[in-house]
file work.cif (mmCIF, C-alpha atoms)
data_my_file
loop_
_atom_site.label_atom_id
_atom_site.label_comp_id
_atom_site.auth_asym_id
_atom_site.auth_seq_id
_atom_site.Cartn_x
_atom_site.Cartn_y
_atom_site.Cartn_z
CA MET X 1 -0.30 38.87 -43.41
CA ILE X 2 1.03 38.97 -46.96
CA ALA X 3 -0.68 42.36 -47.43
CA VAL X 4 1.05 43.67 -44.28
CA VAL X 5 4.48 42.51 -45.42
CA GLU X 6 4.01 43.85 -48.94
CA SER X 7 2.83 47.26 -47.70
CA ILE X 8 5.86 47.53 -45.41
CA ARG X 9 8.17 46.56 -48.27
CA ARG X 10 6.66 49.31 -50.43
CA PHE X 11 7.12 51.78 -47.55
CA ASN X 12 10.74 50.72 -47.05
CA ASP X 13 11.47 51.22 -50.76
CA THR X 14 10.85 54.95 -50.29
CA GLN X 15 12.73 55.43 -47.00
CA PRO X 16 16.36 56.07 -46.03
CA GLU X 17 18.08 53.25 -44.13
CA GLU X 18 17.54 54.79 -40.69
CA ARG X 19 13.74 54.98 -41.20
CA LYS X 20 13.10 51.52 -42.61
CA ILE X 21 10.87 49.12 -40.68
CA GLU X 22 12.57 45.95 -39.44
CA PHE X 23 11.23 42.58 -38.30
CA VAL X 24 13.28 41.23 -35.39
CA GLY X 25 12.55 38.25 -33.14
CA ILE X 26 12.36 38.78 -29.37
CA ASP X 27 11.55 35.18 -28.34
CA TYR X 28 14.32 32.60 -28.14
CA ALA X 29 14.55 29.51 -30.32
CA VAL X 30 16.01 26.09 -29.50
CA PRO X 31 19.82 26.20 -29.14
CA ALA X 32 20.60 24.71 -32.56
CA ALA X 33 18.50 27.35 -34.35
CA SER X 34 20.27 30.20 -32.57
CA ILE X 35 23.69 28.75 -33.34
CA LYS X 36 22.72 28.28 -36.99
CA LEU X 37 21.88 31.99 -37.28
CA ILE X 38 25.16 32.99 -35.61
CA ASP X 39 27.15 30.61 -37.84
CA ARG X 40 25.54 32.05 -40.95
CA TYR X 41 26.49 35.59 -39.98
CA PHE X 42 30.13 34.72 -39.28
CA ALA X 43 30.48 32.11 -42.07
CA SER X 44 33.00 34.13 -44.10
CA ARG X 45 35.12 35.02 -41.03
CA ARG X 46 35.68 31.70 -39.32
CA SER X 47 39.45 32.15 -39.52
CA GLU X 48 39.15 35.41 -37.57
CA TYR X 49 36.66 34.27 -34.93
CA GLY X 50 37.26 30.53 -34.94
CA ASP X 51 38.01 30.26 -31.20
CA GLU X 52 34.80 32.04 -30.21
CA LEU X 53 32.68 30.08 -32.69
CA ALA X 54 34.17 26.79 -31.48
CA LYS X 55 33.05 27.58 -27.91
CA VAL X 56 29.57 28.58 -29.08
CA GLU X 57 29.38 25.35 -31.10
CA LEU X 58 29.02 23.45 -27.79
CA LEU X 59 25.43 24.70 -27.64
CA ARG X 60 24.40 22.99 -30.86
CA GLY X 61 23.81 19.62 -29.19
CA PRO X 62 21.16 20.42 -26.51
CA SER X 63 17.57 20.02 -27.72
CA ARG X 64 16.25 22.67 -25.31
CA TRP X 65 17.69 25.43 -23.19
CA GLY X 66 17.01 23.74 -19.85
CA VAL X 67 19.59 21.10 -20.73
CA VAL X 68 22.28 23.79 -20.96
CA SER X 69 22.38 23.86 -17.13
CA GLU X 70 24.06 20.44 -17.33
CA ILE X 71 27.11 21.99 -19.02
CA PRO X 72 29.75 22.63 -16.31
CA ALA X 73 29.74 26.19 -14.99
CA GLY X 74 33.31 26.81 -16.14
CA GLU X 75 32.48 25.87 -19.72
CA ARG X 76 29.34 27.98 -19.67
CA HIS X 77 31.43 30.94 -18.46
CA GLU X 78 33.80 30.54 -21.43
CA ILE X 79 30.85 30.25 -23.83
CA ALA X 80 29.32 33.43 -22.39
CA LYS X 81 32.61 35.31 -22.86
CA ALA X 82 32.78 34.15 -26.48
CA LEU X 83 29.19 35.31 -27.04
CA VAL X 84 30.01 38.74 -25.59
CA ARG X 85 32.94 39.14 -27.99
CA LEU X 86 30.85 38.10 -30.99
CA GLU X 87 27.97 40.37 -29.95
CA LYS X 88 30.40 43.32 -29.85
CA VAL X 89 31.34 42.56 -33.47
CA ALA X 90 27.71 42.41 -34.58
CA ASP X 91 26.88 45.60 -32.64
CA ASP X 92 29.69 47.43 -34.44
CA GLU X 93 28.17 46.38 -37.77
CA LEU X 94 24.63 47.65 -37.23
CA PRO X 95 22.20 47.68 -38.97
CA SER X 96 23.40 44.64 -40.95
CA GLY X 97 24.40 42.87 -37.73
CA LEU X 98 21.12 43.46 -35.92
CA LEU X 99 19.70 39.91 -36.14
CA ALA X 100 23.00 38.34 -35.14
CA ALA X 101 23.42 40.79 -32.26
CA GLN X 102 19.91 40.00 -31.05
CA ALA X 103 20.53 36.23 -31.22
CA LEU X 104 23.86 36.58 -29.42
CA GLN X 105 22.39 38.76 -26.69
CA MET X 106 19.55 36.31 -25.96
CA THR X 107 21.84 33.28 -26.16
CA LYS X 108 24.23 34.86 -23.64
CA GLN X 109 21.40 35.41 -21.14
CA LEU X 110 20.19 31.83 -21.53
CA VAL X 111 23.70 30.46 -21.03
CA GLU X 112 24.18 32.54 -17.89
CA THR X 113 20.82 31.53 -16.33
CA PRO X 114 19.79 28.25 -18.00
CA GLU X 115 17.96 26.89 -14.96
CA LEU X 116 15.40 29.70 -14.91
CA ASP X 117 12.03 29.62 -16.65
CA ALA X 118 12.52 33.22 -17.66
CA ARG X 119 10.84 33.46 -21.05
CA ASP X 120 8.93 36.69 -20.38
CA THR X 121 11.92 38.29 -18.67
CA MET X 122 14.06 37.34 -21.66
CA MET X 123 11.60 38.80 -24.15
CA ALA X 124 11.42 42.05 -22.17
CA GLU X 125 15.21 42.28 -22.08
CA SER X 126 15.31 41.62 -25.83
CA VAL X 127 12.99 44.57 -26.44
CA LEU X 128 15.06 46.82 -24.17
CA ALA X 129 18.25 45.70 -25.92
CA LEU X 130 16.73 46.71 -29.27
CA LEU X 131 15.83 50.13 -27.89
CA ALA X 132 19.40 50.54 -26.63
CA ARG X 133 21.11 49.64 -29.94
CA PRO X 134 23.31 52.60 -30.95
CA ASP X 135 22.64 52.66 -34.70
CA LYS X 136 19.32 54.54 -34.63
CA GLN X 137 16.35 55.57 -32.52
CA ARG X 138 13.68 52.88 -32.57
CA HIS X 139 9.94 52.80 -31.98
CA ILE X 140 8.87 49.20 -31.45
CA ALA X 141 5.55 47.46 -32.04
CA ILE X 142 5.58 44.06 -30.31
CA TRP X 143 3.44 41.26 -31.71
CA ALA X 144 2.82 38.64 -29.04
CA HIS X 145 0.09 36.77 -27.18
CA ASN X 146 -2.38 38.86 -25.15
CA GLY X 147 -0.91 37.33 -22.01
CA HIS X 148 2.69 38.23 -22.87
CA VAL X 149 1.97 41.90 -23.64
CA ALA X 150 -0.31 42.43 -20.60
CA LEU X 151 0.49 45.28 -18.21
CA GLY X 152 0.28 43.11 -15.09
CA PRO X 153 0.26 39.52 -13.79
CA ILE X 154 -2.37 37.02 -14.87
CA GLU X 155 -3.04 34.12 -12.50
CA GLY X 156 0.24 34.91 -10.73
CA ALA X 157 2.38 34.80 -13.89
CA VAL X 158 4.42 37.96 -14.52
CA PRO X 159 4.34 38.76 -18.25
CA MET X 160 6.80 40.56 -20.49
CA GLY X 161 4.51 43.59 -20.50
CA ASP X 162 4.78 44.01 -16.73
CA TYR X 163 8.59 44.23 -16.96
CA LEU X 164 8.34 46.74 -19.81
CA ARG X 165 5.74 48.82 -17.95
CA VAL X 166 8.08 49.08 -14.96
CA ARG X 167 11.08 50.04 -17.11
CA LEU X 168 9.41 52.23 -19.75
CA LYS X 169 6.57 53.77 -17.69
CA ASP X 170 4.07 55.59 -19.95
CA ASP X 171 6.15 54.83 -23.03
CA TYR X 172 4.75 51.29 -22.98
CA ARG X 173 1.16 50.62 -24.06
CA ALA X 174 -0.36 47.14 -24.14
CA ILE X 175 -2.82 46.42 -26.95
CA GLY X 176 -4.98 43.30 -26.62
CA THR X 177 -6.77 41.69 -29.56
CA LEU X 178 -10.12 39.88 -29.45
CA PHE X 179 -12.56 38.31 -31.89
CA TYR X 180 -16.10 36.95 -31.63
CA GLU X 181 -16.20 33.99 -34.01
CA GLY X 182 -14.08 32.19 -36.57
CA SER X 183 -10.96 30.05 -36.58
CA PHE X 184 -7.20 30.07 -36.25
CA LEU X 185 -4.29 27.79 -37.08
CA THR X 186 -2.80 25.98 -34.09
CA TYR X 187 -1.33 22.67 -32.90
CA SER X 188 -3.44 19.71 -31.87
CA GLN X 189 -2.55 17.69 -28.78
CA ASP X 190 -0.75 15.15 -30.96
CA GLY X 191 1.42 17.80 -32.62
CA ARG X 192 -0.44 18.28 -35.93
CA MET X 193 -1.11 21.72 -37.37
CA VAL X 194 -4.90 22.12 -37.52
CA THR X 195 -7.51 24.78 -38.18
CA HIS X 196 -9.50 25.25 -34.99
CA THR X 197 -13.00 26.77 -35.12
CA VAL X 198 -13.97 28.41 -31.85
CA SER X 199 -17.25 28.10 -29.99
CA LEU X 200 -19.28 31.29 -29.66
CA PRO X 201 -18.65 32.99 -26.30
CA PRO X 202 -21.40 33.01 -23.65
CA PRO X 203 -23.37 36.28 -23.39
CA HIS X 204 -21.46 37.49 -20.29
CA TYR X 205 -18.03 37.23 -21.95
CA LEU X 206 -16.26 40.43 -23.04
CA GLU X 207 -16.24 39.44 -26.72
CA ALA X 208 -20.02 38.91 -26.63
CA ALA X 209 -20.55 42.31 -25.01
CA ILE X 210 -18.50 44.08 -27.70
CA HIS X 211 -20.29 42.05 -30.39
CA ARG X 212 -23.65 43.38 -29.20
CA VAL X 213 -22.35 46.94 -29.69
CA SER X 214 -20.48 46.31 -32.97
CA PRO X 215 -21.78 43.07 -34.56
CA ASP X 216 -20.45 43.68 -38.08
CA GLN X 217 -17.48 46.04 -37.81
CA SER X 218 -14.06 46.03 -36.20
CA CYS X 219 -13.59 48.57 -33.45
CA VAL X 220 -11.12 49.87 -30.88
CA LEU X 221 -11.84 50.16 -27.16
CA ASP X 222 -9.62 52.83 -25.57
CA VAL X 223 -9.34 51.37 -22.08
CA ALA X 224 -6.74 53.77 -20.68
CA GLY X 225 -8.29 56.87 -22.24
CA ALA X 226 -11.94 56.25 -21.36
CA LYS X 227 -13.44 59.43 -19.93
CA ASP X 228 -17.17 58.74 -19.84
CA PRO X 229 -18.14 57.88 -16.22
CA SER X 230 -20.45 55.05 -17.29
CA VAL X 231 -17.70 53.49 -19.42
CA ARG X 232 -15.18 53.81 -16.61
CA SER X 233 -17.65 52.16 -14.20
CA TRP X 234 -18.16 49.32 -16.70
CA LEU X 235 -14.40 48.86 -17.08
CA ALA X 236 -14.03 48.68 -13.28
CA VAL X 237 -16.09 45.45 -13.19
CA PRO X 238 -14.09 42.21 -13.84
CA LYS X 239 -14.69 40.67 -17.27
CA VAL X 240 -14.38 37.09 -18.54
CA VAL X 241 -12.11 36.91 -21.62
CA ARG X 242 -11.37 33.87 -23.76
CA PHE X 243 -7.83 32.51 -23.76
CA TYR X 244 -6.12 31.16 -26.87
CA GLY X 245 -2.61 29.86 -27.23
CA GLY X 246 -0.41 27.62 -29.31
CA LEU X 247 -2.45 24.49 -28.58
CA GLU X 248 -5.99 23.65 -29.63
CA ILE X 249 -6.82 22.61 -26.06
CA SER X 250 -6.10 26.12 -24.73
CA GLU X 251 -9.68 27.22 -25.46
CA GLY X 252 -10.84 24.90 -22.68
CA TYR X 253 -8.95 26.86 -20.01
CA PRO X 254 -10.48 30.37 -19.77
CA TRP X 255 -8.84 32.94 -17.55
CA PRO X 256 -10.64 33.96 -14.38
CA PRO X 257 -12.44 37.34 -14.62
CA VAL X 258 -9.91 40.14 -15.20
CA LEU X 259 -9.89 43.93 -14.86
CA LEU X 260 -9.16 45.29 -18.32
CA PRO X 261 -7.31 48.46 -17.13
CA ASP X 262 -4.89 46.25 -15.18
CA LEU X 263 -3.91 44.35 -18.33
CA TRP X 264 -4.33 46.39 -21.51
CA SER X 265 -4.32 50.04 -22.54
CA THR X 266 -6.39 49.35 -25.65
CA ILE X 267 -8.48 46.48 -27.06
CA ILE X 268 -8.70 45.89 -30.82
CA TYR X 269 -11.75 43.82 -31.71
CA VAL X 270 -12.68 42.09 -34.98
CA PRO X 271 -15.99 40.22 -35.40
CA VAL X 272 -14.50 37.29 -37.36
CA SER X 273 -11.07 35.65 -37.35
CA THR X 274 -9.87 33.61 -40.33
CA SER X 275 -6.99 31.18 -40.05
CA THR X 276 -3.69 31.80 -41.80
CA SER X 277 -2.48 29.79 -44.79
CA PRO X 278 1.13 28.61 -44.34
CA LEU X 279 3.47 29.58 -47.16
CA GLN X 280 5.19 26.71 -48.95
CA ARG X 281 8.75 26.22 -47.77
CA PRO X 282 11.31 26.61 -50.58
CA GLU X 283 12.91 23.35 -51.71
#
call {"tool": "encode", "arguments": {"input": "work.cif", "output": "structure tokens"}}
result
Amino acid sequence: MIAVVESIRRFNDTQPEERKIEFVGIDYAVPAASIKLIDRYFASRRSEYGDELAKVELLRGPSRWGVVSEIPAGERHEIAKALVRLEKVADDELPSGLLAAQALQMTKQLVETPELDARDTMMAESVLALLARPDKQRHIAIWAHNGHVALGPIEGAVPMGDYLRVRLKDDYRAIGTLFYEGSFLTYSQDGRMVTHTVSLPPPHYLEAAIHRVSPDQSCVLDVAGAKDPSVRSWLAVPKVVRFYGGLEISEGYPWPPVLLPDLWSTIIYVPVSTSTSPLQRPE
């Protein structure tokens, strides 16, 4: 990860402003974190936007977005109007206002529909909002869980990728990532950050099948572009794929067999995964 960030920094050092690569969040944080980001952006202009910031400040108390539905509808309406005004300011100050504009746009949606479990819808709308920003043309690479980027529903859940596929048509491609063995950093059931070593997949799992073809090297499976009839026939048969998430226990809940073309355009496979090493937080 450090190598990725450093290579992008070197690239950005040689590029004009409109071609620099940006990192922007598309998933929402708890209310207090969003308000902290907004406060930081407008810190030097509180006298100018004090009324709007005072209304937004009402969101700092809730510990999660679902609680926002308990704020009376009239107050939520006033908060949403304040967020719209502040977002207009940040939009007019792109690219420096991009992060604030993104936070304001997501916060407004969550205030307007706090009772909905709309995480994937929200993430899709965040991506579309980035594409619509007027400061420059953007090409976006989304880094998210295999389930979130998928082209279609999994076990009845409609992912972000399905919304983007409908809106962007062929301009959206979903890339899944798989590995055969190794470990990753995740949360235990009691909330600790732990390194979890995975069990090897059974022979009939997709990762095991790819491992038999490429045991020592990473490879790319072009699902959407496969032309060989035997490969297309193989892709048309449902496959069992391991599921990993933010909790150690997630490995124990595999997805049912899935059709790869229904979910991903491409699969990137690596034989071994190694867990990340958290950077030390500055004092």
call {"tool": "closest_residue", "arguments": {"input": "work.cif", "among": "X:Ile249, X:Val24, X:Ala73, X:Ala100", "to": "Ala43 of chain X", "atoms": "all atoms listed in the file"}}
result
X:Ala100
call {"tool": "atom_distance", "arguments": {"input": "work.cif", "atom1": "atom CA of Leu94 of chain X", "atom2": "atom CA of Ile21 of chain X"}}
result
14.3 Å
call {"tool": "resolve_selection", "arguments": {"input": "work.cif", "expression": "the PyMOL selection byres ((chain X and resi 167-178) around 10)", "output": "NGL selection string"}}
result
:X and (124 or 128 or 139-152 or 161-166 or 179-181 or 206-207 or 210 or 218 or 220-224 or 241-244 or 260-261 or 263-273)
call {"tool": "resolve_selection", "arguments": {"input": "work.cif", "expression": "the PyMOL selection byres ((chain X and resi 193) around 12)", "output": "PyMOL selection string"}}
result
chain X and resi 184-192+194-196+246-248+275-278
call {"tool": "residues_around", "arguments": {"input": "work.cif", "residues": "Glu17 of chain X", "least_positions_apart": "5", "cutoff": "10 Å", "atoms": "all atoms listed in the file", "output": "number ranges by chain"}}
result
X: 12, 95, 136
call {"tool": "resolve_selection", "arguments": {"input": "work.cif", "expression": "the PyMOL selection byres ((chain X and resi 240) around 9)", "output": "ChimeraX atom specification"}}
result
/X:204-207,238-239,241-242,254-259
call {"tool": "residues_around", "arguments": {"input": "work.cif", "residues": "Pro72 of chain X", "least_positions_apart": "5", "cutoff": "12 Å", "atoms": "all atoms listed in the file", "output": "PyMOL selection string"}}
result
chain X and resi 58+67+77-79+111-112+114
call {"tool": "atom_distance", "arguments": {"input": "work.cif", "atom1": "atom CA of Ser69 of chain X", "atom2": "atom CA of Thr113 of chain X"}}
result
7.9 Å
call {"tool": "closest_residue", "arguments": {"input": "work.cif", "among": "X:Gly50, X:Pro201, X:Gly66, X:Pro16", "to": "Pro31 of chain X", "atoms": "only C-alpha atoms"}}
result
X:Gly66
call {"tool": "atom_distance", "arguments": {"input": "work.cif", "atom1": "atom CA of Tyr49 of chain X", "atom2": "atom CA of Ala33 of chain X"}}
result
19.4 Å
call {"tool": "closest_residue", "arguments": {"input": "work.cif", "among": "X:Gly74, X:Pro62, X:Gly97, X:Pro203", "to": "Phe42 of chain X", "atoms": "only C-alpha atoms"}}
result
X:Gly97
call {"tool": "closest_residue", "arguments": {"input": "work.cif", "among": "X:Asp39, X:Pro134, X:Glu18, X:Gly61", "to": "Glu93 of chain X", "atoms": "all atoms listed in the file"}}
result
X:Pro134
call {"tool": "axis_aligned_box", "arguments": {"input": "work.cif", "around": "segment 154-166 of chain X", "padding_each_side": "5 Å", "output": "AutoDock Vina command-line options"}}
result
--center_x 2.8 --center_y 41.6 --center_z -15.6 --size_x 21.6 --size_y 25.0 --size_z 19.8
call {"tool": "build_atoms", "arguments": {"input": "work.cif", "residues": "segment 248-275 of chain X", "atoms": "N, CA and C atoms", "output": "PDB file, in the coordinates of the input"}}
result
ATOM      1  N   GLU X 248      -4.546  23.663 -29.426  1.00  0.00           N
ATOM      2  CA  GLU X 248      -5.990  23.650 -29.630  1.00  0.00           C
ATOM      3  C   GLU X 248      -6.743  23.548 -28.302  1.00  0.00           C
ATOM      4  N   ILE X 249      -6.149  22.842 -27.335  1.00  0.00           N
ATOM      5  CA  ILE X 249      -6.820  22.610 -26.060  1.00  0.00           C
ATOM      6  C   ILE X 249      -6.926  23.887 -25.232  1.00  0.00           C
ATOM      7  N   SER X 250      -6.149  24.931 -25.580  1.00  0.00           N
ATOM      8  CA  SER X 250      -6.100  26.120 -24.730  1.00  0.00           C
ATOM      9  C   SER X 250      -7.467  26.789 -24.580  1.00  0.00           C
ATOM     10  N   GLU X 251      -8.364  26.601 -25.553  1.00  0.00           N
ATOM     11  CA  GLU X 251      -9.680  27.220 -25.460  1.00  0.00           C
ATOM     12  C   GLU X 251     -10.459  26.692 -24.252  1.00  0.00           C
ATOM     13  N   GLY X 252     -10.127  25.498 -23.796  1.00  0.00           N
ATOM     14  CA  GLY X 252     -10.840  24.900 -22.680  1.00  0.00           C
ATOM     15  C   GLY X 252     -10.406  25.408 -21.325  1.00  0.00           C
ATOM     16  N   TYR X 253      -9.445  26.354 -21.290  1.00  0.00           N
ATOM     17  CA  TYR X 253      -8.950  26.860 -20.010  1.00  0.00           C
ATOM     18  C   TYR X 253      -9.072  28.388 -19.983  1.00  0.00           C
ATOM     19  N   PRO X 254     -10.305  28.910 -19.782  1.00  0.00           N
ATOM     20  CA  PRO X 254     -10.480  30.370 -19.770  1.00  0.00           C
ATOM     21  C   PRO X 254      -9.798  30.979 -18.552  1.00  0.00           C
ATOM     22  N   TRP X 255      -9.369  32.221 -18.691  1.00  0.00           N
ATOM     23  CA  TRP X 255      -8.840  32.940 -17.550  1.00  0.00           C
ATOM     24  C   TRP X 255      -9.963  33.213 -16.561  1.00  0.00           C
ATOM     25  N   PRO X 256      -9.622  33.459 -15.302  1.00  0.00           N
ATOM     26  CA  PRO X 256     -10.640  33.960 -14.380  1.00  0.00           C
ATOM     27  C   PRO X 256     -10.991  35.392 -14.787  1.00  0.00           C
ATOM     28  N   PRO X 257     -12.087  35.953 -14.263  1.00  0.00           N
ATOM     29  CA  PRO X 257     -12.440  37.340 -14.620  1.00  0.00           C
ATOM     30  C   PRO X 257     -11.263  38.294 -14.357  1.00  0.00           C
ATOM     31  N   VAL X 258     -11.040  39.218 -15.297  1.00  0.00           N
ATOM     32  CA  VAL X 258      -9.910  40.140 -15.200  1.00  0.00           C
ATOM     33  C   VAL X 258     -10.406  41.578 -15.291  1.00  0.00           C
ATOM     34  N   LEU X 259      -9.624  42.498 -14.729  1.00  0.00           N
ATOM     35  CA  LEU X 259      -9.890  43.930 -14.860  1.00  0.00           C
ATOM     36  C   LEU X 259      -9.120  44.440 -16.073  1.00  0.00           C
ATOM     37  N   LEU X 260      -9.812  44.884 -17.078  1.00  0.00           N
ATOM     38  CA  LEU X 260      -9.160  45.290 -18.320  1.00  0.00           C
ATOM     39  C   LEU X 260      -8.091  46.367 -18.118  1.00  0.00           C
ATOM     40  N   PRO X 261      -8.341  47.423 -17.288  1.00  0.00           N
ATOM     41  CA  PRO X 261      -7.310  48.460 -17.130  1.00  0.00           C
ATOM     42  C   PRO X 261      -6.020  47.941 -16.505  1.00  0.00           C
ATOM     43  N   ASP X 262      -6.095  46.819 -15.795  1.00  0.00           N
ATOM     44  CA  ASP X 262      -4.890  46.250 -15.180  1.00  0.00           C
ATOM     45  C   ASP X 262      -4.035  45.504 -16.206  1.00  0.00           C
ATOM     46  N   LEU X 263      -4.614  45.212 -17.378  1.00  0.00           N
ATOM     47  CA  LEU X 263      -3.910  44.350 -18.330  1.00  0.00           C
ATOM     48  C   LEU X 263      -3.608  45.020 -19.663  1.00  0.00           C
ATOM     49  N   TRP X 264      -4.534  45.818 -20.174  1.00  0.00           N
ATOM     50  CA  TRP X 264      -4.330  46.390 -21.510  1.00  0.00           C
ATOM     51  C   TRP X 264      -4.736  47.855 -21.551  1.00  0.00           C
ATOM     52  N   SER X 265      -4.006  48.625 -22.331  1.00  0.00           N
ATOM     53  CA  SER X 265      -4.320  50.040 -22.540  1.00  0.00           C
ATOM     54  C   SER X 265      -5.431  50.194 -23.556  1.00  0.00           C
ATOM     55  N   THR X 266      -5.449  49.276 -24.523  1.00  0.00           N
ATOM     56  CA  THR X 266      -6.390  49.350 -25.650  1.00  0.00           C
ATOM     57  C   THR X 266      -6.787  47.929 -26.029  1.00  0.00           C
ATOM     58  N   ILE X 267      -8.020  47.760 -26.513  1.00  0.00           N
ATOM     59  CA  ILE X 267      -8.480  46.480 -27.060  1.00  0.00           C
ATOM     60  C   ILE X 267      -8.854  46.698 -28.527  1.00  0.00           C
ATOM     61  N   ILE X 268      -8.284  45.904 -29.424  1.00  0.00           N
ATOM     62  CA  ILE X 268      -8.700  45.890 -30.820  1.00  0.00           C
ATOM     63  C   ILE X 268      -9.587  44.661 -31.021  1.00  0.00           C
ATOM     64  N   TYR X 269     -10.773  44.891 -31.554  1.00  0.00           N
ATOM     65  CA  TYR X 269     -11.750  43.820 -31.710  1.00  0.00           C
ATOM     66  C   TYR X 269     -12.121  43.649 -33.182  1.00  0.00           C
ATOM     67  N   VAL X 270     -12.161  42.401 -33.642  1.00  0.00           N
ATOM     68  CA  VAL X 270     -12.680  42.090 -34.980  1.00  0.00           C
ATOM     69  C   VAL X 270     -13.787  41.051 -34.806  1.00  0.00           C
ATOM     70  N   PRO X 271     -14.883  41.164 -35.570  1.00  0.00           N
ATOM     71  CA  PRO X 271     -15.990  40.220 -35.400  1.00  0.00           C
ATOM     72  C   PRO X 271     -15.600  38.783 -35.775  1.00  0.00           C
ATOM     73  N   VAL X 272     -14.800  38.628 -36.841  1.00  0.00           N
ATOM     74  CA  VAL X 272     -14.500  37.290 -37.360  1.00  0.00           C
ATOM     75  C   VAL X 272     -13.000  37.136 -37.558  1.00  0.00           C
ATOM     76  N   SER X 273     -12.467  36.004 -37.108  1.00  0.00           N
ATOM     77  CA  SER X 273     -11.070  35.650 -37.350  1.00  0.00           C
ATOM     78  C   SER X 273     -11.005  34.546 -38.405  1.00  0.00           C
ATOM     79  N   THR X 274     -10.096  34.681 -39.346  1.00  0.00           N
ATOM     80  CA  THR X 274      -9.870  33.610 -40.330  1.00  0.00           C
ATOM     81  C   THR X 274      -8.454  33.087 -40.141  1.00  0.00           C
ATOM     82  N   SER X 275      -8.285  31.790 -40.304  1.00  0.00           N
ATOM     83  CA  SER X 275      -6.990  31.180 -40.050  1.00  0.00           C
ATOM     84  C   SER X 275      -6.002  31.489 -41.161  1.00  0.00           C
TER      85      SER X 275
END
